[in-house]
$ cat final30.txt   # compact mmCIF, C-alpha atoms
# COMPACT_ATOMS: atom_id res chain seq x y z
CA MET A 10 -31.44 7.75 122.71
CA LEU A 11 -33.93 10.58 122.36
CA ILE A 12 -36.37 11.24 125.17
CA ASP A 13 -40.06 11.00 124.33
CA TRP A 14 -41.22 14.25 125.97
CA SER A 15 -44.87 13.36 125.46
CA ASN A 16 -44.42 10.63 128.07
CA ILE A 17 -42.53 12.67 130.69
CA SER A 18 -43.89 13.52 134.12
CA PHE A 19 -42.25 15.05 137.19
CA ALA A 20 -42.54 13.49 140.64
CA HIS A 21 -41.92 16.90 142.28
CA PHE A 22 -43.30 19.26 139.66
CA TRP A 23 -43.37 22.22 142.06
CA VAL A 24 -39.55 22.40 141.98
CA LEU A 25 -39.76 23.57 138.36
CA TYR A 26 -41.43 26.78 139.52
CA LEU A 27 -38.12 27.77 141.11
CA ILE A 28 -36.50 28.08 137.66
CA PRO A 29 -38.38 31.25 136.58
CA VAL A 30 -37.81 32.64 140.09
CA LEU A 31 -34.10 31.99 139.62
CA ALA A 32 -34.21 33.74 136.23
CA VAL A 33 -35.81 36.85 137.75
CA LEU A 34 -33.27 36.95 140.60
CA LEU A 35 -30.40 36.60 138.12
CA ALA A 36 -31.73 39.48 136.03
CA PHE A 37 -31.98 41.73 139.10
CA TRP A 38 -28.52 40.74 140.25
CA TYR A 39 -26.98 41.39 136.86
CA TYR A 40 -28.59 44.75 136.17
CA PHE A 41 -28.43 46.18 139.68
CA GLY A 42 -25.40 44.46 141.14
CA TYR A 43 -22.94 42.79 138.79
CA ARG A 44 -22.62 45.66 136.30
CA ASN A 45 -22.04 48.19 139.09
CA GLN A 46 -19.07 46.24 140.48
CA HIS A 47 -16.74 47.63 137.79
CA ALA A 48 -15.08 51.03 138.11
CA GLY A 49 -15.80 53.61 135.43
CA PHE A 50 -15.55 57.25 134.53
CA SER A 51 -17.57 59.68 132.46
CA ILE A 52 -16.46 61.18 129.17
CA SER A 53 -18.30 63.31 126.68
CA ASP A 54 -17.34 61.37 123.56
CA THR A 55 -16.70 57.61 123.36
CA SER A 56 -16.00 57.43 119.63
CA MET A 57 -12.25 57.33 120.21
CA TRP A 58 -12.65 54.16 122.33
CA LYS A 59 -14.74 52.13 119.96
CA ASN A 60 -11.74 50.37 118.47
CA TYR A 61 -10.34 49.56 121.89
CA SER A 62 -13.36 47.95 123.55
CA SER A 63 -12.60 44.60 125.14
CA TRP A 64 -14.35 41.62 123.55
CA LYS A 65 -13.72 39.74 126.77
CA GLY A 66 -15.68 42.34 128.66
CA GLN A 67 -18.57 42.00 126.22
CA LEU A 68 -18.60 38.25 126.75
CA MET A 69 -18.52 38.46 130.52
CA PRO A 70 -22.37 38.01 130.85
CA VAL A 71 -21.83 34.46 129.57
CA LEU A 72 -20.52 33.42 133.00
CA PRO A 73 -23.69 34.15 135.03
CA LEU A 74 -25.74 32.72 132.16
CA LEU A 75 -23.82 29.45 132.33
CA ARG A 76 -24.27 29.41 136.09
CA PHE A 77 -28.00 29.95 135.63
CA PHE A 78 -28.30 26.98 133.25
CA SER A 79 -26.30 24.84 135.64
CA VAL A 80 -28.61 25.61 138.58
CA ALA A 81 -31.72 25.32 136.35
CA PHE A 82 -30.78 21.81 135.27
CA ILE A 83 -30.02 20.87 138.87
CA LEU A 84 -33.55 21.97 139.79
CA ALA A 85 -34.95 20.01 136.83
CA ALA A 86 -33.10 16.92 138.07
CA LEU A 87 -34.43 17.46 141.62
CA ALA A 88 -37.97 17.58 140.18
CA ARG A 89 -37.41 13.90 139.27
CA PRO A 90 -38.41 13.59 135.62
CA GLN A 91 -39.86 10.15 134.90
CA SER A 92 -41.28 8.17 132.04
CA THR A 93 -43.99 5.62 132.69
CA SER A 94 -45.07 2.63 130.67
CA THR A 95 -48.05 0.40 131.34
CA ASP A 96 -48.57 -3.25 130.53
CA GLU A 97 -52.23 -4.22 130.72
CA ASN A 98 -53.40 -7.81 130.52
CA ILE A 99 -57.12 -8.16 129.86
CA LYS A 100 -59.03 -11.41 129.97
CA THR A 101 -62.55 -11.11 128.60
CA TYR A 102 -65.28 -13.55 129.44
CA GLY A 103 -67.69 -12.36 126.77
CA ILE A 104 -71.28 -13.20 126.01
CA ASP A 105 -72.27 -14.85 122.76
CA MET A 106 -75.40 -13.25 121.36
CA VAL A 107 -77.59 -13.87 118.34
CA LEU A 108 -80.09 -11.30 117.14
CA SER A 109 -83.04 -13.13 115.62
CA MET A 110 -85.08 -10.62 113.65
CA ASP A 111 -88.50 -10.91 112.06
CA VAL A 112 -88.47 -9.62 108.46
CA SER A 113 -92.09 -10.42 107.57
CA SER A 114 -94.17 -7.89 105.64
CA SER A 115 -95.89 -6.67 108.81
CA MET A 116 -92.49 -5.31 109.93
CA LEU A 117 -93.03 -2.59 107.32
CA ALA A 118 -95.80 -1.11 109.49
CA GLN A 119 -95.32 2.61 109.99
CA ASP A 120 -96.15 2.94 113.68
CA PHE A 121 -92.33 3.21 114.04
CA LYS A 122 -90.47 5.69 111.89
CA PRO A 123 -89.72 5.09 109.10
CA ASP A 124 -91.08 1.59 109.79
CA ARG A 125 -90.67 -1.20 112.35
CA LEU A 126 -87.94 -3.01 110.46
CA GLU A 127 -85.70 0.03 109.91
CA ALA A 128 -86.17 1.24 113.48
CA ALA A 129 -85.33 -2.23 114.84
CA LYS A 130 -82.21 -2.41 112.65
CA GLU A 131 -80.93 0.99 113.75
CA VAL A 132 -81.46 0.38 117.46
CA ALA A 133 -79.93 -3.10 117.25
CA SER A 134 -76.88 -1.71 115.43
CA LYS A 135 -76.22 0.74 118.26
CA PHE A 136 -76.59 -2.10 120.76
CA ILE A 137 -73.95 -4.12 118.91
CA GLU A 138 -71.61 -1.14 118.80
CA ASN A 139 -71.83 -0.71 122.58
CA ARG A 140 -70.77 -4.31 123.28
CA PRO A 141 -67.25 -4.64 121.84
CA ASN A 142 -66.29 -7.62 124.03
CA ASP A 143 -69.09 -9.93 122.89
CA ARG A 144 -69.39 -12.19 119.89
CA MET A 145 -72.45 -11.46 117.79
CA GLY A 146 -74.48 -13.34 115.21
CA LEU A 147 -77.52 -12.49 113.09
CA VAL A 148 -80.52 -14.65 112.13
CA ILE A 149 -83.50 -13.48 110.12
CA PHE A 150 -86.87 -15.19 109.82
CA GLY A 151 -90.18 -14.80 108.02
CA GLY A 152 -91.96 -17.90 106.73
CA GLU A 153 -88.62 -19.69 107.25
CA SER A 154 -85.27 -18.68 108.72
CA PHE A 155 -81.55 -18.66 107.95
CA THR A 156 -78.30 -17.38 109.42
CA GLN A 157 -77.33 -14.01 107.98
CA VAL A 158 -74.04 -13.82 109.98
CA PRO A 159 -72.50 -16.62 112.10
CA ILE A 160 -71.21 -15.66 115.54
CA THR A 161 -68.18 -13.42 115.14
CA THR A 162 -66.12 -10.79 116.92
CA ASP A 163 -66.17 -8.64 113.76
CA HIS A 164 -69.04 -6.35 114.65
CA LYS A 165 -68.60 -4.32 111.46
CA ILE A 166 -69.64 -7.32 109.41
CA VAL A 167 -72.69 -7.90 111.61
CA GLN A 168 -73.70 -4.24 111.43
CA GLY A 169 -73.11 -4.18 107.66
CA GLN A 170 -75.31 -7.21 107.05
CA LEU A 171 -77.91 -5.90 109.49
CA ALA A 172 -78.16 -2.69 107.49
CA LYS A 173 -78.80 -4.67 104.28
CA ILE A 174 -81.74 -6.66 105.66
CA LYS A 175 -85.07 -5.96 104.00
CA ASN A 176 -88.45 -7.58 103.54
CA GLY A 177 -88.56 -10.04 100.66
CA PHE A 178 -85.32 -11.85 101.48
CA ILE A 179 -87.31 -14.95 102.38
CA ALA A 180 -90.87 -16.21 102.10
CA ASP A 181 -93.42 -14.16 103.99
CA GLY A 182 -94.88 -15.37 107.27
CA THR A 183 -93.87 -15.52 110.93
CA ALA A 184 -91.93 -18.63 111.88
CA ILE A 185 -91.00 -17.77 115.46
CA GLY A 186 -89.97 -21.35 116.25
CA MET A 187 -87.63 -21.39 113.25
CA GLY A 188 -86.14 -18.06 114.30
CA ILE A 189 -85.34 -19.44 117.76
CA GLY A 190 -84.19 -22.84 116.48
CA THR A 191 -81.72 -21.41 113.97
CA ALA A 192 -80.29 -19.08 116.61
CA VAL A 193 -79.92 -21.95 119.11
CA ASN A 194 -78.10 -23.94 116.45
CA ARG A 195 -75.53 -21.13 116.17
CA LEU A 196 -75.06 -21.04 119.96
CA LYS A 197 -75.25 -24.68 121.07
CA ASP A 198 -71.50 -25.37 120.69
CA SER A 199 -70.39 -22.01 122.06
CA PRO A 200 -67.92 -22.14 125.00
CA ALA A 201 -69.15 -18.77 126.32
CA LYS A 202 -70.35 -18.61 129.91
CA SER A 203 -73.50 -16.83 128.80
CA LYS A 204 -75.45 -17.46 125.58
CA VAL A 205 -78.28 -15.11 124.63
CA ILE A 206 -80.88 -14.78 121.87
CA ILE A 207 -82.62 -11.45 121.34
CA LEU A 208 -85.83 -12.34 119.49
CA MET A 209 -87.69 -9.50 117.75
CA THR A 210 -91.09 -10.12 116.21
CA ASP A 211 -94.37 -8.32 115.62
CA GLY A 212 -96.71 -11.20 114.94
CA VAL A 213 -98.12 -14.61 115.70
CA ASN A 214 -96.38 -17.85 114.80
CA ASN A 215 -98.08 -19.03 111.61
CA SER A 216 -95.47 -21.02 109.68
CA GLY A 217 -92.26 -23.01 109.96
CA LEU A 218 -91.34 -26.59 110.78
CA ILE A 219 -90.47 -26.03 114.45
CA ASP A 220 -92.99 -25.26 117.17
CA PRO A 221 -91.90 -22.24 119.28
CA ILE A 222 -92.24 -24.15 122.58
CA THR A 223 -90.14 -27.00 121.20
CA ALA A 224 -87.52 -24.45 120.11
CA ALA A 225 -87.57 -22.94 123.60
CA GLU A 226 -87.02 -26.39 125.15
CA THR A 227 -83.98 -26.83 122.90
CA ALA A 228 -82.69 -23.45 124.09
CA ILE A 229 -83.05 -24.62 127.71
CA GLN A 230 -81.13 -27.79 126.89
CA TYR A 231 -78.15 -25.75 125.67
CA ASN A 232 -78.40 -23.09 128.41
CA VAL A 233 -79.46 -20.39 125.96
CA LYS A 234 -81.42 -17.47 127.36
CA VAL A 235 -84.08 -15.77 125.21
CA TYR A 236 -85.04 -12.10 125.51
CA ALA A 237 -88.21 -11.67 123.47
CA ILE A 238 -89.32 -8.28 122.15
CA GLY A 239 -92.79 -7.74 120.76
CA ILE A 240 -92.68 -4.79 118.32
CA GLY A 241 -95.85 -2.83 117.59
CA THR A 242 -98.13 -0.16 118.93
CA GLN A 243 -101.31 -0.90 120.84
CA GLY A 244 -104.48 -1.09 118.73
CA GLU A 245 -104.09 -0.53 115.00
CA ALA A 246 -101.16 0.38 112.77
CA TYR A 247 -100.76 1.51 109.16
CA MET A 248 -99.21 -1.59 107.57
CA PRO A 249 -99.19 -3.72 104.39
CA ALA A 250 -102.66 -5.14 103.86
CA TYR A 251 -102.55 -6.53 100.29
CA LEU A 252 -99.78 -7.65 97.97
CA LEU A 253 -100.18 -6.04 94.54
CA PRO A 254 -99.27 -7.75 91.25
CA ASP A 255 -96.12 -5.62 90.86
CA GLY A 256 -94.77 -6.92 94.20
CA SER A 257 -95.53 -3.76 96.18
CA PHE A 258 -97.99 -3.50 99.05
CA GLU A 259 -101.24 -1.63 99.53
CA TYR A 260 -101.31 -0.16 103.03
CA ASP A 261 -104.26 0.12 105.39
CA TYR A 262 -104.90 0.34 109.12
CA MET A 263 -104.83 -3.16 110.54
CA PRO A 264 -105.02 -4.61 114.09
CA VAL A 265 -101.65 -5.21 115.76
CA GLU A 266 -101.54 -8.87 116.77
CA ILE A 267 -98.61 -10.10 118.87
CA ASP A 268 -98.72 -13.45 120.67
CA GLU A 269 -97.50 -11.98 123.93
CA GLU A 270 -98.45 -15.01 126.02
CA LEU A 271 -96.28 -17.23 123.85
CA LEU A 272 -93.34 -14.81 123.95
CA LYS A 273 -93.63 -14.48 127.74
CA GLU A 274 -93.59 -18.27 128.13
CA ILE A 275 -90.54 -18.63 125.90
CA ALA A 276 -88.62 -15.89 127.71
CA SER A 277 -89.45 -16.98 131.26
CA SER A 278 -88.77 -20.68 130.60
CA THR A 279 -85.28 -19.92 129.29
CA GLY A 280 -84.39 -17.45 132.05
CA GLY A 281 -84.91 -14.38 129.90
CA LYS A 282 -87.56 -11.68 129.85
CA TYR A 283 -90.35 -10.44 127.59
CA TYR A 284 -90.67 -6.79 126.53
CA ARG A 285 -93.22 -4.86 124.53
CA ALA A 286 -91.92 -2.02 122.38
CA THR A 287 -94.71 0.33 121.31
CA ASP A 288 -92.45 3.01 119.81
CA ARG A 289 -88.79 3.66 119.03
CA LYS A 290 -88.08 5.24 122.42
CA SER A 291 -89.37 2.20 124.31
CA LEU A 292 -87.37 -0.09 121.99
CA GLU A 293 -84.19 1.83 122.83
CA ALA A 294 -85.01 1.55 126.55
CA ILE A 295 -85.49 -2.23 126.17
CA TYR A 296 -82.08 -2.66 124.57
CA ALA A 297 -80.55 -0.49 127.30
CA GLU A 298 -82.06 -2.77 129.94
CA ILE A 299 -80.80 -5.91 128.22
CA ASP A 300 -77.38 -4.28 127.96
CA ALA A 301 -77.44 -3.68 131.72
CA LEU A 302 -78.67 -7.19 132.55
CA GLU A 303 -76.13 -8.98 130.36
CA LYS A 304 -72.86 -7.46 131.52
CA THR A 305 -69.60 -8.80 130.14
CA GLU A 306 -67.09 -9.82 132.79
CA ILE A 307 -63.61 -8.37 132.19
CA GLU A 308 -60.62 -9.39 134.28
CA SER A 309 -57.65 -7.05 133.96
CA SER A 310 -54.25 -6.65 135.58
CA GLN A 311 -51.95 -3.68 135.15
CA THR A 312 -48.20 -3.30 135.58
CA ILE A 313 -46.75 0.22 135.66
CA ARG A 314 -43.03 0.71 135.13
CA VAL A 315 -41.35 3.99 136.10
CA LYS A 316 -37.99 5.02 134.64
CA GLU A 317 -36.04 7.83 136.32
CA LEU A 318 -34.71 10.37 133.81
CA PHE A 319 -32.82 12.82 136.05
CA TYR A 320 -29.42 11.62 134.79
CA PRO A 321 -29.39 13.70 131.56
CA PHE A 322 -30.45 16.81 133.49
CA ALA A 323 -27.76 16.26 136.13
CA GLY A 324 -25.19 15.69 133.38
CA LEU A 325 -26.13 18.97 131.68
CA ALA A 326 -25.91 20.80 135.02
CA ILE A 327 -22.35 19.48 135.53
CA LEU A 328 -21.44 20.38 131.93
CA PHE A 329 -22.60 24.01 132.26
CA LEU A 330 -20.91 24.34 135.65
CA PHE A 331 -17.66 22.97 134.22
CA MET A 332 -17.82 25.38 131.27
CA GLU A 333 -18.47 28.31 133.61
CA GLN A 334 -15.53 27.43 135.85
CA LEU A 335 -13.24 26.73 132.88
CA LEU A 336 -13.96 30.13 131.33
CA ARG A 337 -13.73 31.92 134.67
CA PHE A 338 -10.24 30.60 135.44
CA SER A 339 -8.86 30.67 131.91
CA LEU A 340 -10.27 33.16 129.39
CA PHE A 341 -11.74 35.52 132.02
CA ARG A 342 -9.17 34.97 134.79
CA LYS A 343 -8.28 38.69 134.99
CA PHE A 344 -11.91 39.65 135.50
CA PRO A 345 -13.63 39.49 138.87
$ encode --input "final30.txt" --output "structure tokens"
Amino acid sequence: MLIDWSNISFAHFWVLYLIPVLAVLLAFWYYFGYRNQHAGFSISDTSMWKNYSSWKGQLMPVLPLLRFFSVAFILAALARPQSTSTDENIKTYGIDMVLSMDVSSSMLAQDFKPDRLEAAKEVASKFIENRPNDRMGLVIFGGESFTQVPITTDHKIVQGQLAKIKNGFIADGTAIGMGIGTAVNRLKDSPAKSKVIILMTDGVNNSGLIDPITAAETAIQYNVKVYAIGIGTQGEAYMPAYLLPDGSFEYDYMPVEIDEELLKEIASSTGGKYYRATDRKSLEAIYAEIDALEKTEIESSQTIRVKELFYPFAGLAILFLFMEQLLRFSLFRKFP
């Protein structure tokens, strides 16, 4: 069986440093000691001896080389090569979350760049990406609401559908109660220990069949927490003012109206929190705070197995030593 060298470690790695030291000592011994042990004499012309040179003598350096490899592999074995494998058991107690996003025409206001809706989509997508252990769902609302993505662990689907959201999907208006109610309906049967709605809106409830307070009471009944985010700058913003016959909007500076008292009441009654995002940077900070508040609990256990691999190195050391001794007392027995 081949050894996977990418998974090898040495318990006593410092022993390996002795191998290059051994190589240097062997080189000094051979050049300044071993070669000078043989008697010789000087002649002016060696051409007459070229056909009588001993091939055994030329192969003599093989013996110290075999001894070197033998000792080197002994040192490698003493360094205790090991392979490690890890078994990790992870139990995740995730949080089920539904993003409930306002897609009314006022979300096209340009106090966020390029507009509120696109900025909210991009920041929310990054939030989803950073929470791989949670199940996510997506609800959109305007004058009514519907589920864009049911709760799922496939975050790519949620992010893909989030990117496709645009104004005009549903009737215009701001049905905050419907946005909460639809999200609660997706979460009410969830077995998760924590169930959260992140509600994003920039207006005042002006449509829908469910009153926002009634929707919040339903959330309380099913232990669903609501984090409410009011999106919009303070004062006025450049936003759609009139719907033109061709379906496009005429823009003008209009007052930013967010029912903050309502959103605060909804959030506090369900155990959540209300935030006001006046620009993209503050929206990112809000999502970062929610991310910190709603931490996913992960229980993990790890088993590490260590396999000793010095046997092959010890075997090679014995093999080289055997070869050295065999050659010394057979082929090279007449040589010192």
$ residues_around --input "final30.txt" --residues "A:Lys130" --least-positions-apart "4" --cutoff "10 Å" --atoms "only C-alpha atoms" --output "JSON list (two decimals) with C-alpha atoms, keeping the file's coordinate frame"
[["chain", "number", "residue", "atom", "x", "y", "z"],
["A", 110, "MET", "CA", -85.08, -10.62, 113.65],
["A", 125, "ARG", "CA", -90.67, -1.20, 112.35],
["A", 126, "LEU", "CA", -87.94, -3.01, 110.46],
["A", 134, "SER", "CA", -76.88, -1.71, 115.43],
["A", 135, "LYS", "CA", -76.22, 0.74, 118.26],
["A", 136, "PHE", "CA", -76.59, -2.10, 120.76],
["A", 168, "GLN", "CA", -73.70, -4.24, 111.43],
["A", 171, "LEU", "CA", -77.91, -5.90, 109.49],
["A", 172, "ALA", "CA", -78.16, -2.69, 107.49],
["A", 173, "LYS", "CA", -78.80, -4.67, 104.28],
["A", 174, "ILE", "CA", -81.74, -6.66, 105.66],
["A", 175, "LYS", "CA", -85.07, -5.96, 104.00]]
$ closest_residue --input "final30.txt" --among "A:Met248, A:Ala225, A:Thr305, A:Gln170" --to "A:Arg144" --atoms "only C-alpha atoms"
A:Thr305
$ atom_distance --input "final30.txt" --atom1 "atom CA of A:Ile28" --atom2 "atom CA of A:Leu84"
7.1 Å
$ residues_around --input "final30.txt" --residues "stretch 31-35 of chain A" --least-positions-apart "4" --cutoff "8 Å" --atoms "only C-alpha atoms" --output "ChimeraX atom specification"
/A:27,39,73,77,81
$ closest_residue --input "final30.txt" --among "A:Ser18, A:Asn232, A:Asn214, A:Thr223" --to "A:Arg89" --atoms "all atoms listed in the file"
A:Ser18
$ residues_near_point --input "final30.txt" --point "(-33.1, 24.6, 138.8)" --cutoff "9 Å" --atoms "all atoms listed in the file" --output "NGL selection string"
:A and (24-29 or 31 or 77-88 or 326)
$ atom_distance --input "final30.txt" --atom1 "atom CA of A:Thr242" --atom2 "atom CA of A:Tyr296"
17.2 Å
$ residues_around --input "final30.txt" --residues "A:Val148" --least-positions-apart "6" --cutoff "7 Å" --atoms "all atoms listed in the file" --output "number ranges by chain"
A: 107-110, 155-158, 188, 192
$ write_last_selection --input "final30.txt" --atoms "C-alpha atoms" --output "PDB file, in the frame of the given file"
ATOM      1  CA  VAL A 107     -77.590 -13.870 118.340  1.00  0.00           C
ATOM      2  CA  LEU A 108     -80.090 -11.300 117.140  1.00  0.00           C
ATOM      3  CA  SER A 109     -83.040 -13.130 115.620  1.00  0.00           C
ATOM      4  CA  MET A 110     -85.080 -10.620 113.650  1.00  0.00           C
ATOM      5  CA  PHE A 155     -81.550 -18.660 107.950  1.00  0.00           C
ATOM      6  CA  THR A 156     -78.300 -17.380 109.420  1.00  0.00           C
ATOM      7  CA  GLN A 157     -77.330 -14.010 107.980  1.00  0.00           C
ATOM      8  CA  VAL A 158     -74.040 -13.820 109.980  1.00  0.00           C
ATOM      9  CA  GLY A 188     -86.140 -18.060 114.300  1.00  0.00           C
ATOM     10  CA  ALA A 192     -80.290 -19.080 116.610  1.00  0.00           C
TER      11      ALA A 192
END
$ closest_atom_pairs --input "final30.txt" --of "stretch 156-197 of chain A" --to "stretch 270-279 of chain A" --cutoff "12 Å" --atoms "all atoms listed in the file" --output "CSV"
residue,atom,partner,partner_atom,distance
A:Ile185,CA,A:Leu272,CA,9.3
A:Gly186,CA,A:Ile275,CA,10.0
A:Ile189,CA,A:Ile275,CA,9.7
A:Val193,CA,A:Thr279,CA,11.7
$ atom_distance --input "final30.txt" --atom1 "atom CA of A:Glu131" --atom2 "atom CA of A:Gly169"
11.2 Å
$ axis_aligned_box --input "final30.txt" --around "stretch 191-204 of chain A" --padding-each-side "5 Å" --output "lines of an AutoDock Vina configuration file"
center_x = -74.8
center_y = -21.1
center_z = 121.9
size_x = 23.8
size_y = 18.5
size_z = 25.9
$ closest_residue --input "final30.txt" --among "A:Met187, A:Leu253, A:Leu75, A:Met209" --to "A:Tyr236" --atoms "all atoms listed in the file"
A:Met209
$ residues_around --input "final30.txt" --residues "A:Asp300" --least-positions-apart "6" --cutoff "12 Å" --atoms "all atoms listed in the file" --output "mmCIF file with C-alpha atoms, keeping the file's coordinate frame"
data_model
loop_
_atom_site.group_PDB
_atom_site.id
_atom_site.type_symbol
_atom_site.label_atom_id
_atom_site.label_comp_id
_atom_site.auth_asym_id
_atom_site.auth_seq_id
_atom_site.Cartn_x
_atom_site.Cartn_y
_atom_site.Cartn_z
ATOM 1 C CA ILE A 104 -71.280 -13.200 126.010
ATOM 2 C CA MET A 106 -75.400 -13.250 121.360
ATOM 3 C CA ALA A 133 -79.930 -3.100 117.250
ATOM 4 C CA LYS A 135 -76.220 0.740 118.260
ATOM 5 C CA PHE A 136 -76.590 -2.100 120.760
ATOM 6 C CA ILE A 137 -73.950 -4.120 118.910
ATOM 7 C CA GLU A 138 -71.610 -1.140 118.800
ATOM 8 C CA ASN A 139 -71.830 -0.710 122.580
ATOM 9 C CA ARG A 140 -70.770 -4.310 123.280
ATOM 10 C CA PRO A 141 -67.250 -4.640 121.840
ATOM 11 C CA ASP A 143 -69.090 -9.930 122.890
ATOM 12 C CA VAL A 205 -78.280 -15.110 124.630
ATOM 13 C CA ILE A 207 -82.620 -11.450 121.340
ATOM 14 C CA TYR A 236 -85.040 -12.100 125.510
ATOM 15 C CA GLU A 293 -84.190 1.830 122.830
ATOM 16 C CA ALA A 294 -85.010 1.550 126.550
#
$ closest_residue --input "final30.txt" --among "A:Tyr247, A:Tyr231, A:Phe178, A:Phe22" --to "A:Arg195" --atoms "all atoms listed in the file"
A:Tyr231
